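Colleague: Sharing data21.txt (compact mmCIF, C-alpha atoms (C1' of nucleotides)) below.
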# COMPACT_ATOMS: atom_id res chain seq x y z
CA MET A 12 -25.38 9.91 13.20
CA ALA A 13 -27.70 10.46 16.11
CA ARG A 14 -30.95 8.58 15.68
CA ILE A 15 -34.08 9.48 17.58
CA LYS A 16 -34.53 6.95 20.36
CA THR A 17 -37.89 5.21 20.42
CA ASP A 18 -39.40 2.69 22.76
CA LYS A 19 -41.73 0.12 21.34
CA ASN A 20 -45.07 1.51 20.13
CA ILE A 21 -43.80 5.09 20.17
CA SER A 22 -43.08 6.34 16.69
CA ARG A 23 -40.38 8.90 16.04
CA LYS A 24 -43.14 11.28 15.03
CA ASP A 25 -44.70 10.90 18.47
CA VAL A 26 -41.40 11.77 20.08
CA ILE A 27 -41.23 14.93 18.00
CA VAL A 28 -44.84 15.91 18.73
CA THR A 29 -44.29 15.45 22.46
CA LYS A 30 -41.14 17.53 22.52
CA ALA A 31 -42.91 20.13 20.40
CA ALA A 32 -45.65 20.39 23.02
CA THR A 33 -43.08 21.17 25.71
CA LEU A 34 -41.35 23.71 23.55
CA PHE A 35 -44.52 25.41 22.37
CA ARG A 36 -45.65 25.71 25.96
CA GLU A 37 -42.36 27.18 27.11
CA LYS A 38 -41.79 29.67 24.32
CA GLY A 39 -45.04 29.90 22.42
CA PHE A 40 -45.61 28.51 18.95
CA LYS A 41 -44.13 31.41 17.02
CA ALA A 42 -41.10 31.85 19.22
CA ALA A 43 -40.20 28.16 19.22
CA SER A 44 -38.08 27.37 16.19
CA MET A 45 -37.63 24.13 14.35
CA ARG A 46 -33.95 24.36 15.24
CA ASP A 47 -34.90 24.53 18.92
CA LEU A 48 -37.10 21.51 18.45
CA ALA A 49 -34.39 19.64 16.60
CA GLU A 50 -31.96 20.25 19.43
CA ALA A 51 -34.49 19.02 21.98
CA VAL A 52 -34.97 15.88 19.93
CA GLY A 53 -31.23 15.45 19.41
CA VAL A 54 -31.07 15.81 15.66
CA GLU A 55 -30.58 18.41 12.92
CA ALA A 56 -33.54 20.61 11.95
CA ALA A 57 -33.84 19.24 8.43
CA SER A 58 -34.08 15.69 9.72
CA LEU A 59 -37.39 16.43 11.39
CA TYR A 60 -38.98 16.64 7.97
CA ASN A 61 -38.49 12.93 7.43
CA HIS A 62 -41.24 12.47 10.01
CA ILE A 63 -43.48 15.52 9.81
CA LYS A 64 -44.90 17.65 7.03
CA SER A 65 -44.55 21.07 8.60
CA LYS A 66 -44.32 23.02 11.82
CA THR A 67 -48.02 23.78 11.65
CA GLU A 68 -48.84 20.08 11.39
CA LEU A 69 -47.40 19.70 14.89
CA LEU A 70 -49.85 22.29 16.15
CA HIS A 71 -52.76 20.57 14.37
CA GLU A 72 -51.95 17.27 15.96
CA LEU A 73 -51.72 18.76 19.42
CA CYS A 74 -54.83 20.89 19.20
CA PHE A 75 -57.10 18.27 17.71
CA SER A 76 -55.95 15.37 19.84
CA VAL A 77 -56.85 17.44 22.89
CA ALA A 78 -60.12 18.68 21.43
CA ASN A 79 -61.14 15.16 20.50
CA ARG A 80 -60.59 13.87 24.01
CA PHE A 81 -62.88 16.55 25.41
CA LEU A 82 -65.54 15.97 22.80
CA GLN A 83 -65.49 12.25 23.47
CA LYS A 84 -65.84 12.88 27.20
CA ILE A 85 -68.79 15.21 26.85
CA ASP A 86 -70.52 12.67 24.59
CA GLU A 87 -70.08 10.12 27.34
CA VAL A 88 -71.20 12.42 30.16
CA GLU A 89 -74.26 13.71 28.34
CA ALA A 90 -75.45 10.15 27.86
CA GLU A 91 -75.26 9.26 31.54
CA LYS A 92 -78.39 9.25 33.64
CA ILE A 93 -77.22 11.47 36.47
CA THR A 94 -78.11 14.96 37.74
CA ALA A 95 -76.86 18.08 36.01
CA ILE A 96 -74.61 18.92 38.92
CA GLU A 97 -73.04 15.47 38.75
CA LYS A 98 -72.42 15.96 35.04
CA ILE A 99 -70.82 19.32 35.67
CA GLU A 100 -68.61 17.87 38.36
CA LYS A 101 -67.58 14.99 36.13
CA LEU A 102 -66.60 17.32 33.31
CA LEU A 103 -64.82 19.57 35.75
CA ARG A 104 -62.79 16.72 37.18
CA PHE A 105 -61.95 15.51 33.70
CA HIS A 106 -60.71 18.95 32.73
CA ILE A 107 -58.67 19.22 35.88
CA ASN A 108 -57.04 15.85 35.39
CA GLU A 109 -56.32 16.49 31.74
CA MET A 110 -54.65 19.73 32.73
CA ILE A 111 -52.69 17.96 35.46
CA HIS A 112 -51.55 14.93 33.52
CA HIS A 113 -51.39 16.18 29.95
CA TYR A 114 -50.29 19.64 30.87
CA GLU A 115 -48.15 20.49 27.88
CA GLU A 116 -50.61 19.42 25.21
CA VAL A 117 -53.67 20.90 26.86
CA TYR A 118 -51.92 24.16 27.58
CA VAL A 119 -50.68 24.50 24.02
CA SER A 120 -54.07 23.64 22.60
CA ASP A 121 -55.59 26.30 24.84
CA ARG A 122 -53.17 29.12 24.18
CA GLU A 123 -51.70 28.57 20.75
CA TRP A 124 -54.63 27.52 18.59
CA LYS A 125 -54.72 31.04 17.15
CA HIS A 126 -51.73 30.11 15.03
CA LEU A 127 -53.59 27.38 13.23
CA ALA A 128 -54.31 28.18 9.60
CA ASP A 129 -57.63 27.71 7.87
CA PRO A 130 -59.39 25.37 7.40
CA TYR A 131 -58.07 23.93 10.67
CA LEU A 132 -58.57 27.23 12.45
CA SER A 133 -62.29 27.55 11.65
CA ASN A 134 -62.73 23.91 12.43
CA PHE A 135 -61.13 24.21 15.80
CA GLN A 136 -63.06 27.36 16.69
CA ASN A 137 -66.30 25.65 15.74
CA GLN A 138 -65.58 22.61 17.88
CA ARG A 139 -64.74 24.91 20.76
CA ARG A 140 -67.90 26.95 20.35
CA ILE A 141 -70.06 23.85 20.19
CA TYR A 142 -68.36 22.28 23.18
CA ARG A 143 -69.05 25.34 25.27
CA LYS A 144 -72.66 25.46 24.19
CA ARG A 145 -73.13 21.85 25.21
CA PHE A 146 -71.50 22.56 28.55
CA ALA A 147 -73.73 25.61 29.01
CA ALA A 148 -76.79 23.54 28.15
CA ILE A 149 -76.00 21.16 31.00
CA ILE A 150 -75.73 24.09 33.38
CA GLU A 151 -79.02 25.49 32.12
CA THR A 152 -80.67 22.16 32.82
CA GLY A 153 -79.24 22.39 36.30
CA ILE A 154 -80.75 25.84 36.73
CA ARG A 155 -84.15 24.66 35.54
CA ASN A 156 -84.01 21.76 38.00
CA GLN A 157 -82.98 24.18 40.73
CA GLU A 158 -79.77 22.30 41.34
CA VAL A 159 -77.82 25.37 40.25
CA LYS A 160 -78.10 29.06 41.16
CA LYS A 161 -79.77 31.40 38.66
CA ILE A 162 -76.71 32.55 36.79
CA ASP A 163 -75.76 33.18 33.20
CA ALA A 164 -74.71 29.76 31.95
CA PRO A 165 -72.19 30.89 29.30
CA THR A 166 -70.48 33.02 31.93
CA ALA A 167 -70.30 30.04 34.26
CA VAL A 168 -68.70 27.95 31.51
CA LEU A 169 -66.17 30.64 30.79
CA ILE A 170 -65.25 30.87 34.45
CA MET A 171 -64.84 27.14 34.88
CA LEU A 172 -62.77 26.57 31.76
CA HIS A 173 -60.46 29.47 32.38
CA ALA A 174 -60.10 28.72 36.06
CA ILE A 175 -58.87 25.29 35.12
CA SER A 176 -56.22 26.70 32.85
CA GLY A 177 -54.83 28.27 36.02
CA ILE A 178 -53.40 24.85 36.84
CA GLU A 179 -50.55 26.08 34.73
CA SER A 180 -49.49 28.19 37.71
CA TRP A 181 -49.71 25.17 39.97
CA HIS A 182 -47.35 23.27 37.68
CA ARG A 183 -44.81 26.03 37.75
CA SER A 184 -45.04 26.70 41.47
CA THR A 185 -42.32 25.41 43.74
CA GLN A 186 -44.42 24.48 46.75
CA LYS A 187 -47.11 22.38 45.15
CA ILE A 188 -49.98 20.88 47.07
CA SER A 189 -50.74 17.36 45.83
CA ALA A 190 -52.68 16.83 42.63
CA ALA A 191 -55.52 15.28 44.60
CA GLU A 192 -55.72 18.25 46.95
CA LEU A 193 -55.67 20.61 44.01
CA GLU A 194 -58.55 18.75 42.40
CA GLU A 195 -60.64 18.80 45.57
CA ASN A 196 -60.00 22.49 46.20
CA MET A 197 -60.97 23.43 42.69
CA VAL A 198 -64.13 21.34 42.74
CA THR A 199 -65.10 22.74 46.13
CA ILE A 200 -64.74 26.32 45.00
CA LEU A 201 -66.21 25.99 41.54
CA VAL A 202 -69.09 23.61 42.21
CA GLY A 203 -69.70 25.50 45.44
CA GLY A 204 -69.95 28.69 43.41
CA LEU A 205 -72.69 27.28 41.23
CA THR A 206 -74.82 25.57 43.85
CA GLN A 207 -76.90 26.98 46.68
CA MET B 140 -46.40 62.36 4.19
CA ALA B 141 -48.89 60.74 6.54
CA ARG B 142 -48.54 62.06 10.04
CA ILE B 143 -49.85 60.19 13.04
CA LYS B 144 -53.00 61.91 14.20
CA THR B 145 -53.02 62.96 17.82
CA ASP B 146 -55.63 64.57 19.99
CA LYS B 147 -54.50 66.92 22.70
CA ASN B 148 -52.70 65.21 25.60
CA ILE B 149 -52.17 62.03 23.62
CA SER B 150 -48.61 61.71 22.42
CA ARG B 151 -47.77 59.89 19.23
CA LYS B 152 -46.02 57.31 21.36
CA ASP B 153 -49.28 56.66 23.21
CA VAL B 154 -51.03 56.08 19.91
CA ILE B 155 -48.40 53.53 18.97
CA VAL B 156 -48.54 51.77 22.33
CA THR B 157 -52.32 51.53 22.14
CA LYS B 158 -52.31 50.11 18.64
CA ALA B 159 -49.57 47.72 19.71
CA ALA B 160 -51.78 46.41 22.50
CA THR B 161 -54.51 45.57 20.01
CA LEU B 162 -52.09 43.93 17.65
CA PHE B 163 -50.28 41.95 20.33
CA ARG B 164 -53.60 40.69 21.60
CA GLU B 165 -54.79 39.65 18.16
CA LYS B 166 -51.65 37.96 16.92
CA GLY B 167 -49.42 37.52 19.94
CA PHE B 168 -46.24 39.49 20.54
CA LYS B 169 -43.96 37.39 18.38
CA ALA B 170 -46.35 37.06 15.47
CA ALA B 171 -47.14 40.77 15.35
CA SER B 172 -44.55 42.54 13.25
CA MET B 173 -43.42 46.14 13.35
CA ARG B 174 -44.61 46.40 9.76
CA ASP B 175 -48.07 45.30 10.88
CA LEU B 176 -47.99 47.89 13.62
CA ALA B 177 -46.81 50.59 11.24
CA GLU B 178 -49.71 49.83 8.92
CA ALA B 179 -52.18 50.00 11.79
CA VAL B 180 -50.76 53.37 12.76
CA GLY B 181 -50.70 54.58 9.16
CA VAL B 182 -46.99 55.06 8.69
CA GLU B 183 -43.86 53.23 7.52
CA ALA B 184 -42.18 50.81 9.91
CA ALA B 185 -38.99 52.82 10.23
CA SER B 186 -40.93 55.91 11.28
CA LEU B 187 -42.06 54.22 14.46
CA TYR B 188 -38.53 54.46 15.75
CA ASN B 189 -38.79 58.23 16.00
CA HIS B 190 -41.09 57.58 18.97
CA ILE B 191 -40.07 54.29 20.52
CA LYS B 192 -36.79 52.57 21.29
CA SER B 193 -37.70 49.02 20.36
CA LYS B 194 -40.49 46.51 19.94
CA THR B 195 -39.78 45.13 23.38
CA GLU B 196 -40.16 48.56 24.92
CA LEU B 197 -43.79 48.47 23.83
CA LEU B 198 -44.26 45.26 25.77
CA HIS B 199 -42.56 46.72 28.85
CA GLU B 200 -44.84 49.72 28.84
CA LEU B 201 -47.93 47.59 28.53
CA CYS B 202 -46.98 45.00 31.13
CA PHE B 203 -45.80 47.39 33.79
CA SER B 204 -48.56 49.95 33.41
CA VAL B 205 -51.03 47.15 34.05
CA ALA B 206 -49.01 45.65 36.89
CA ASN B 207 -48.68 49.02 38.57
CA ARG B 208 -52.40 49.61 38.52
CA PHE B 209 -53.01 46.31 40.29
CA LEU B 210 -50.30 46.91 42.85
CA GLN B 211 -51.68 50.33 43.63
CA LYS B 212 -55.14 48.87 44.07
CA ILE B 213 -54.05 46.14 46.44
CA ASP B 214 -52.16 48.73 48.51
CA GLU B 215 -55.37 50.68 48.79
CA VAL B 216 -57.56 47.67 49.59
CA GLU B 217 -55.22 46.23 52.20
CA ALA B 218 -55.30 49.51 54.08
CA GLU B 219 -59.08 49.63 54.32
CA LYS B 220 -60.79 48.60 57.51
CA ILE B 221 -63.26 46.10 56.09
CA THR B 222 -63.73 42.34 56.30
CA ALA B 223 -61.57 39.95 54.31
CA ILE B 224 -64.48 38.97 52.13
CA GLU B 225 -65.14 42.58 51.32
CA LYS B 226 -61.51 43.02 50.37
CA ILE B 227 -61.65 39.97 48.16
CA GLU B 228 -64.79 41.23 46.47
CA LYS B 229 -63.27 44.65 45.91
CA LEU B 230 -60.19 43.20 44.29
CA LEU B 231 -62.31 40.86 42.24
CA ARG B 232 -64.48 43.69 40.94
CA PHE B 233 -61.41 45.73 40.15
CA HIS B 234 -59.91 42.88 38.15
CA ILE B 235 -63.15 42.35 36.32
CA ASN B 236 -63.50 46.00 35.41
CA GLU B 237 -59.90 46.28 34.31
CA MET B 238 -60.43 43.29 32.07
CA ILE B 239 -63.63 44.77 30.70
CA HIS B 240 -62.43 48.33 30.11
CA HIS B 241 -58.74 47.91 29.45
CA TYR B 242 -59.10 44.59 27.71
CA GLU B 243 -56.21 44.81 25.25
CA GLU B 244 -53.56 45.94 27.70
CA VAL B 245 -54.57 43.59 30.48
CA TYR B 246 -54.82 40.65 28.15
CA VAL B 247 -51.41 41.31 26.65
CA SER B 248 -49.83 41.79 30.04
CA ASP B 249 -51.35 38.48 31.11
CA ARG B 250 -50.42 36.37 28.12
CA GLU B 251 -47.34 37.89 26.58
CA TRP B 252 -45.09 38.80 29.52
CA LYS B 253 -43.02 35.71 28.77
CA HIS B 254 -41.45 37.62 25.92
CA LEU B 255 -40.02 40.27 28.19
CA ALA B 256 -36.26 40.13 28.48
CA ASP B 257 -34.30 40.30 31.72
CA PRO B 258 -34.12 42.32 33.88
CA TYR B 259 -37.73 43.25 33.10
CA LEU B 260 -38.77 39.62 33.04
CA SER B 261 -37.54 38.77 36.54
CA ASN B 262 -38.95 42.03 37.77
CA PHE B 263 -42.37 41.32 36.37
CA GLN B 264 -42.40 37.75 37.66
CA ASN B 265 -41.48 38.97 41.11
CA GLN B 266 -44.22 41.56 41.18
CA ARG B 267 -46.68 38.92 40.05
CA ARG B 268 -45.55 36.45 42.70
CA ILE B 269 -45.75 39.03 45.44
CA TYR B 270 -49.16 40.24 44.32
CA ARG B 271 -50.54 36.73 44.46
CA LYS B 272 -49.08 36.15 47.90
CA ARG B 273 -50.72 39.29 49.19
CA PHE B 274 -54.00 38.23 47.67
CA ALA B 275 -53.63 34.79 49.23
CA ALA B 276 -52.87 36.38 52.59
CA ILE B 277 -56.20 38.20 52.51
CA ILE B 278 -57.97 34.93 51.79
CA GLU B 279 -56.12 33.24 54.62
CA THR B 280 -57.27 35.95 56.99
CA GLY B 281 -60.78 35.30 55.76
CA ILE B 282 -60.38 31.61 56.53
CA ARG B 283 -59.08 32.34 60.02
CA ASN B 284 -62.05 34.62 60.66
CA GLN B 285 -64.36 31.93 59.33
CA GLU B 286 -65.65 34.22 56.61
CA VAL B 287 -64.22 31.88 54.01
CA LYS B 288 -64.36 28.10 53.57
CA LYS B 289 -61.31 26.05 54.55
CA ILE B 290 -59.58 25.93 51.20
CA ASP B 291 -56.06 26.25 49.89
CA ALA B 292 -55.60 30.01 49.51
CA PRO B 293 -53.07 29.96 46.63
CA THR B 294 -55.40 27.70 44.70
CA ALA B 295 -58.26 30.09 45.30
CA VAL B 296 -56.16 32.98 43.99
CA LEU B 297 -55.21 31.03 40.93
CA ILE B 298 -58.84 30.22 40.20
CA MET B 299 -60.02 33.79 40.62
CA LEU B 300 -57.30 35.38 38.52
CA HIS B 301 -57.59 32.91 35.70
CA ALA B 302 -61.36 32.92 35.74
CA ILE B 303 -61.23 36.66 35.18
CA SER B 304 -59.04 36.29 32.15
CA GLY B 305 -61.98 34.37 30.69
CA ILE B 306 -63.57 37.75 30.06
CA GLU B 307 -61.56 37.57 26.87
CA SER B 308 -64.19 35.11 25.60
CA TRP B 309 -66.95 37.50 26.58
CA HIS B 310 -65.33 40.25 24.54
CA ARG B 311 -65.14 38.07 21.48
CA SER B 312 -68.61 36.60 21.81
CA THR B 313 -71.37 37.91 19.57
CA GLN B 314 -74.24 37.76 22.02
CA LYS B 315 -72.81 39.60 24.98
CA ILE B 316 -74.68 40.08 28.21
CA SER B 317 -74.05 43.57 29.61
CA ALA B 318 -70.83 44.38 31.41
CA ALA B 319 -72.75 44.91 34.64
CA GLU B 320 -74.45 41.53 34.36
CA LEU B 321 -71.13 39.90 33.62
CA GLU B 322 -69.62 41.46 36.72
CA GLU B 323 -72.48 40.35 38.95
CA ASN B 324 -72.45 36.82 37.60
CA MET B 325 -68.74 36.46 38.13
CA VAL B 326 -68.85 37.84 41.64
CA THR B 327 -71.80 35.61 42.50
CA ILE B 328 -70.05 32.48 41.34
CA LEU B 329 -66.57 33.25 42.63
CA VAL B 330 -67.39 34.84 45.97
CA GLY B 331 -70.11 32.23 46.38
CA GLY B 332 -67.49 29.55 45.83
CA LEU B 333 -65.35 30.83 48.66
CA THR B 334 -68.00 31.49 51.26
CA GLN B 335 -70.20 29.06 53.15
C1' DA C 55 -24.44 -10.80 1.37
C1' DT C 56 -27.03 -7.75 -1.22
C1' DT C 57 -30.78 -4.94 -1.87
C1' DT C 58 -34.21 -1.62 -0.25
C1' DA C 59 -36.23 1.56 2.84
C1' DT C 60 -35.49 4.46 6.50
C1' DT C 61 -33.34 8.16 8.85
C1' DG C 62 -29.92 11.08 9.29
C1' DC C 63 -26.55 14.82 7.48
C1' DT C 64 -24.81 19.36 5.10
C1' DA C 65 -25.74 23.14 2.31
C1' DA C 66 -28.59 26.27 0.75
C1' DC C 67 -32.89 28.72 -0.61
C1' DA C 68 -36.14 32.58 -0.24
C1' DC C 69 -38.31 35.34 2.96
C1' DG C 70 -39.68 38.19 6.80
C1' DC C 71 -37.91 40.17 10.76
C1' DG C 72 -36.21 44.30 13.86
C1' DT C 73 -33.55 48.00 13.26
C1' DT C 74 -30.32 51.85 11.41
C1' DA C 75 -28.62 55.51 8.26
C1' DG C 76 -29.38 59.30 5.75
C1' DC C 77 -32.43 62.37 3.81
C1' DT C 78 -36.72 65.33 3.05
C1' DG C 79 -40.57 67.72 4.12
C1' DA C 80 -43.40 70.07 7.57
C1' DC C 81 -44.62 72.43 11.65
C1' DT C 82 -42.81 76.00 15.54
C1' DA C 83 -40.59 79.91 17.32
C1' DT C 84 -38.07 83.78 16.78
C1' DA D 195 -38.55 85.19 6.46
C1' DT D 196 -35.34 82.03 8.68
C1' DA D 197 -33.57 78.59 11.77
C1' DG D 198 -34.32 74.64 14.27
C1' DT D 199 -36.82 70.68 15.65
C1' DC D 200 -39.87 67.11 14.70
C1' DA D 201 -41.71 63.31 12.08
C1' DG D 202 -41.96 61.20 8.12
C1' DC D 203 -39.73 58.67 3.93
C1' DT D 204 -36.67 55.07 1.13
C1' DA D 205 -33.13 51.84 1.17
C1' DA D 206 -30.70 48.61 3.18
C1' DC D 207 -28.33 45.82 6.86
C1' DG D 208 -27.67 41.30 9.15
C1' DC D 209 -29.98 37.65 11.04
C1' DG D 210 -33.07 33.86 12.02
C1' DT D 211 -36.81 31.48 10.05
C1' DG D 212 -39.24 27.20 7.76
C1' DT D 213 -38.26 24.27 4.33
C1' DT D 214 -36.06 21.62 0.25
C1' DA D 215 -32.50 19.08 -2.44
C1' DG D 216 -29.19 15.81 -2.65
C1' DC D 217 -26.33 12.65 -0.47
C1' DA D 218 -24.52 9.24 3.25
C1' DA D 219 -25.14 6.00 6.75
C1' DT D 220 -27.75 2.81 9.10
C1' DA D 221 -31.44 -0.73 9.76
C1' DA D 222 -34.57 -4.14 7.74
C1' DA D 223 -35.73 -7.52 4.31
C1' DT D 224 -34.53 -10.83 1.04
Written as structure tokens, how would this file's structure read?

Modeller:
Amino acid sequence: MARIKTDKNISRKDVIVTKAATLFREKGFKAASMRDLAEAVGVEAASLYNHIKSKTELLHELCFSVANRFLQKIDEVEAEKITAIEKIEKLLRFHINEMIHHYEEVYVSDREWKHLADPYLSNFQNQRRIYRKRFAAIIETGIRNQEVKKIDAPTAVLIMLHAISGIESWHRSTQKISAAELEENMVTILVGGLTQ
Amino acid sequence: MARIKTDKNISRKDVIVTKAATLFREKGFKAASMRDLAEAVGVEAASLYNHIKSKTELLHELCFSVANRFLQKIDEVEAEKITAIEKIEKLLRFHINEMIHHYEEVYVSDREWKHLADPYLSNFQNQRRIYRKRFAAIIETGIRNQEVKKIDAPTAVLIMLHAISGIESWHRSTQKISAAELEENMVTILVGGLTQ
DNA sequence: ATTTATTGCTAACACGCGTTAGCTGACTAT
DNA sequence: ATAGTCAGCTAACGCGTGTTAGCAATAAAT
């Protein structure tokens, strides 16, 4: 009988959620089966249900843990007494680093949230909408203070957030530049695109 | 007996492919069923097979028709005798307009190509890789000619291409700015990010 | 050492999937 | 009018899915 290995402070459920993130990223939520997941975990499919309620629960956990981290960060950044451009750059760098270091989760949250079921779906969409509005509001402040070019703020948000999801390609590329270089390049291009 | 309606010069297969694009975008390739598609077309699922070979064939058609349009465009742009920045801007505007006016197809090609099966999969990935290299080469020329900032060209490509796929959010947003405004904003931010 | 809770297993379920076979009705061309 | 092709239908197939029930083995607690 092949037990799921766990280090201290990592529950078996966490192991499953983590492997699920990898699998959902690779195949997509719908195409990844519980039998695939079971194999990745080293156990039979039915055994997973001793630790989780359903396949969808895995998606909830992933999507909302990511969303919560971003919401917490924007709370923090909004409260700081710095210029709008500095706030934008801070958020940008946070996004970039999340995408670099929590790739699987962030990617899945980004691409697979459609498969959430209500009420989680509406909830997630709302959080997303609000987050983007708050981000846009920072940019609009920047425009008013003439730190930022006169551009459509929602469009700028959309560009930044989607550009960041391109880090996916960096992860899968064979000849990677370093994470630090990647971060600097992205900030240079994106912040450079907003200013002056 | 409910026949598929067709205007002149639009085959029944084209009708199916178009509806498939919409459905694949909405639900994802795996989650969209042939029964869903049949309903959208106004016919029974089995009847679809008088016009198409398989579900996957629909994905092939979509992915490669999009890919071919981009390849053709980059052929054209490379051949022109204009500056690197002008080439970049041309490609950028083409991408933007494709995403605006052929939203469903382009989106599906972008997000769902993973579900292609070999040999189509490898083929598609190759085309994609080569396209990006050619795009990066143009940027590198721009850097050498000091039209473009000293940045990592592959990273710049990745940012531009992914930023454009953010137009998805524009399509789904309720308060849209005009397509022309969207295009100008995106070009301003992205080209602005590369230059100076 | 014995009990209790945890974590695994096998077997099976109901269901939705892509697809095929075989048939019927409806346009098209002679 | 008649023959032939096209495009639809119903029924059904085999398969993979998420999930449950019931039981066995292991680990934890007494």

Colleague: Within 9 Å of chain A, which residues of chain D come that close, and what is the closest atom pair and distance in Å for each? Count all atoms listed in the file and give it as a Markdown table.

Modeller:
| residue | atom | partner | partner_atom | distance |
| --- | --- | --- | --- | --- |
| D:DT211 | C1' | A:Ser44 | CA | 7.5 |
| D:DG212 | C1' | A:Met45 | CA | 7.4 |
| D:DT213 | C1' | A:Ala57 | CA | 7.9 |
| D:DT214 | C1' | A:Ala57 | CA | 8.8 |
| D:DA219 | C1' | A:Met12 | CA | 7.5 |
| D:DT220 | C1' | A:Met12 | CA | 8.5 |

Colleague: With only C-alpha atoms considered, list every residue of chain A at most 8 Å from chain B, as a PyMOL selection string.

Modeller: chain A and resi 38+41-42+125+162-163+166-167+169-178+180-181+193+196-197+199-205

Colleague: Rank B:Ile191, B:Val287, B:Leu230, B:Leu201 by their smallest atom-to-atom distance to B:Tyr242, using only C-alpha atoms, and report the top residue only.

Modeller: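 Nearest candidate to B:Tyr242 out of B:Ile191, B:Val287, B:Leu230, B:Leu201: B:Leu201.
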
Colleague: Provide the atom CA of B:Cys202 to atom CA of B:Ser248 distance in Å, to one decimal place.

Modeller: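 Calculated distance between atom CA of B:Cys202 and atom CA of B:Ser248 is 4.4 Å.
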
Colleague: Show me a table, sorted first by chain and then by increasing residue number, of the residues of chain C having an atom at most 9 Å from chain A, each with its shortest atom pair and the distance in Å to one decimal, counting all atoms listed in the file and written as a Markdown table.

Modeller:
| residue | atom | partner | partner_atom | distance |
| --- | --- | --- | --- | --- |
| C:DT61 | C1' | A:Asn61 | CA | 7.2 |
| C:DG62 | C1' | A:Met12 | CA | 6.1 |
| C:DC63 | C1' | A:Met12 | CA | 7.6 |

Colleague: If I take atom CA of A:Asp129 and atom CA of B:Arg164, how far is one from the other in Å, to one decimal?

Modeller: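 Atom CA of A:Asp129 sits 19.3 Å away from atom CA of B:Arg164.
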
Colleague: Grab the atom CA of B:Phe163 to atom CA of B:Leu197 distance for me, in Å with one decimal place.

Modeller: 9.8 Å

Colleague: Using only C-alpha atoms (C1' of nucleotides), what residues lie at most 10 Å away from (-50.3, 16.8, 35.1) (file coordinates), given as a PyMOL selection string?

Modeller: chain A and resi 107-115+117+178-179+181-182+190

Colleague: Any chance you can output those residues with C-alpha atoms as a PDB file, in the frame of the given file?

Modeller:
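result_19.pdb was written with the following content:
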ATOM      1  CA  ILE A 107     -58.670  19.220  35.880  1.00  0.00           C
ATOM      2  CA  ASN A 108     -57.040  15.850  35.390  1.00  0.00           C
ATOM      3  CA  GLU A 109     -56.320  16.490  31.740  1.00  0.00           C
ATOM      4  CA  MET A 110     -54.650  19.730  32.730  1.00  0.00           C
ATOM      5  CA  ILE A 111     -52.690  17.960  35.460  1.00  0.00           C
ATOM      6  CA  HIS A 112     -51.550  14.930  33.520  1.00  0.00           C
ATOM      7  CA  HIS A 113     -51.390  16.180  29.950  1.00  0.00           C
ATOM      8  CA  TYR A 114     -50.290  19.640  30.870  1.00  0.00           C
ATOM      9  CA  GLU A 115     -48.150  20.490  27.880  1.00  0.00           C
ATOM     10  CA  VAL A 117     -53.670  20.900  26.860  1.00  0.00           C
ATOM     11  CA  ILE A 178     -53.400  24.850  36.840  1.00  0.00           C
ATOM     12  CA  GLU A 179     -50.550  26.080  34.730  1.00  0.00           C
ATOM     13  CA  TRP A 181     -49.710  25.170  39.970  1.00  0.00           C
ATOM     14  CA  HIS A 182     -47.350  23.270  37.680  1.00  0.00           C
ATOM     15  CA  ALA A 190     -52.680  16.830  42.630  1.00  0.00           C
TER      16      ALA A 190
END
